[in-house]
Amino acid sequence: MRSRTPDRLCAEAVDLARTAAEEAAAPGTVGEHVDAVADGDRVVTHLFECKEPGYRGWRWAVTVARASRAKHVTLDESVLLPGPDALLAPEWVSWSERLRPGDMGPGDLLPTEAEDLRLDPGLFGGADGADGVGVAPGVAELADAEDADVEPGSPAVQPDTTARGSIAAVADELGLGRPRVLSRYGLHAAADRWEEAYGPKTAMAQAAPANCVSCGFLVPLAGSLRQAFGICANEFGPADGHVVSLGYGCGGHSEAAIMPKPPRPAPPVIDETVVDPLPLRPDRAGGSVEESGPGEEFGHS
Ligand code: SF4
């Protein structure tokens with residue numbers, strides 16, 4: 001194994017290396033000689049401190065070399081390199097990995113990768129759609145047959161179009177008109193997200209008097225998701241417009257609280273039809289109305 005002890009002549013060429021570093025650096029920014037590292041036989045790199053304020057911990061690295069049996073040391077290269085304590089920019093991360101939910105704004109476009117795991121080809125995706133939209137062969141035949149039935153003229157003279165509309169509706173419902181549909185992975189990932197945000201383990205659900213499954217504000221979903229999720233339509237609830245787990249719940253549950261009726265006030269007692277005589281001199285107990293002279297006061301109860 002070859003020795004990595006720096007070649008003596010190359011290690012002594014500090015001044016040559018410093019001169020090269022000072023030529024490359026801004027004036028006055030080459031600091032102390034830090035180290036001399038053997039890169040190979042008769043190849044040594046001299047390291048100098050960098051005093052640039054924006055390059056804290058970086059070092060000027062100047063490599064010198066000497067030919068075999070030559071006494072003359074020559075310059076290879078000088079470059080600024082980060083040291084062990086250098087201040088470095090964070091590692092670059094591609095935009096697709098930096099993207100977070102809610103980052104998209106109006107006008108932004110988010111391309112979806114061809115191999116996106118959240119999507120699967122439509123039921124007959126891309127099989128025969130010249131425009132790139134997959135159409136089931138059976139549906140295409142039905143659509144052709146229906147086109148043949150169309151009579152020239154206004155819609156009023158057309159034959160019944162209910163069947164045609166039904167086929168289109170069913171095709172759309174099944175995803176036959178879409179090149180890609182949600183994959184099983186995408187479905188589960190979405191369900192996990194919704195369960196975490198509006199699921200039975202949230203603090204709101206734990207403190208709720210009842211679950212969404214029995215709430216009148218729950219709008220059911222279609223498909224397999226309806227077994228576990230619905231949409232909350234209570235504008236005063238914390239999840240209005242969001243997909244909620246059937247095990248979620250909140251204090252706005254339609255049946256959770258009966259609004260208390262305001263208490264009915266007691267009927268007023270009015271007794272203004274009888275005059276109550278009050279004696280002017282209570283010390284004369286037993287005084288009667290007759291004892292009171294004319295013009296003396298009377299009070300009402
Ligand atoms: S109001 Fe509350 S309990 Fe009712 S569906 Fe919305 S979140 Fe669920």
# chains A, B, ... in the order shown; residues from 1 in each chain; ligands from 1
$ residues_near_ligand --ligand "ligand 1" --cutoff "12 Å" --atoms "only C-alpha atoms and all ligand atoms" --output "PyMOL selection string"
chain A and resi 197-200+202+204-220+229-257
$ residues_around --residues "stretch 48-54 of chain A" --least-positions-apart "6" --cutoff "8 Å" --atoms "only C-alpha atoms" --output "PDB file with C-alpha atoms, in the first residue's frame"
ATOM      1  CA  ARG A  18      -1.227  30.936  -1.401  1.00  0.00           C
ATOM      2  CA  GLY A  28      -7.846  39.995   1.545  1.00  0.00           C
ATOM      3  CA  THR A  29     -10.111  36.956   1.805  1.00  0.00           C
ATOM      4  CA  VAL A  30      -7.472  34.201   1.918  1.00  0.00           C
ATOM      5  CA  GLY A  31      -6.752  33.358   5.546  1.00  0.00           C
ATOM      6  CA  GLU A  32      -4.433  31.041   7.435  1.00  0.00           C
ATOM      7  CA  HIS A  33      -2.963  27.856   5.994  1.00  0.00           C
ATOM      8  CA  VAL A  34      -5.082  25.081   7.467  1.00  0.00           C
ATOM      9  CA  ASP A  35      -3.701  21.795   6.177  1.00  0.00           C
ATOM     10  CA  TRP A  60      -9.542  27.585  -0.628  1.00  0.00           C
ATOM     11  CA  ALA A  61      -8.048  24.330  -1.891  1.00  0.00           C
TER      12      ALA A  61
END
$ residues_around --residues "stretch 79-85 of chain A" --least-positions-apart "4" --cutoff "8 Å" --atoms "only C-alpha atoms" --output "list in words"
Ala21, Arg56, Gly57, Trp58, Arg59, Trp60, Ala61 and Val62 of chain A
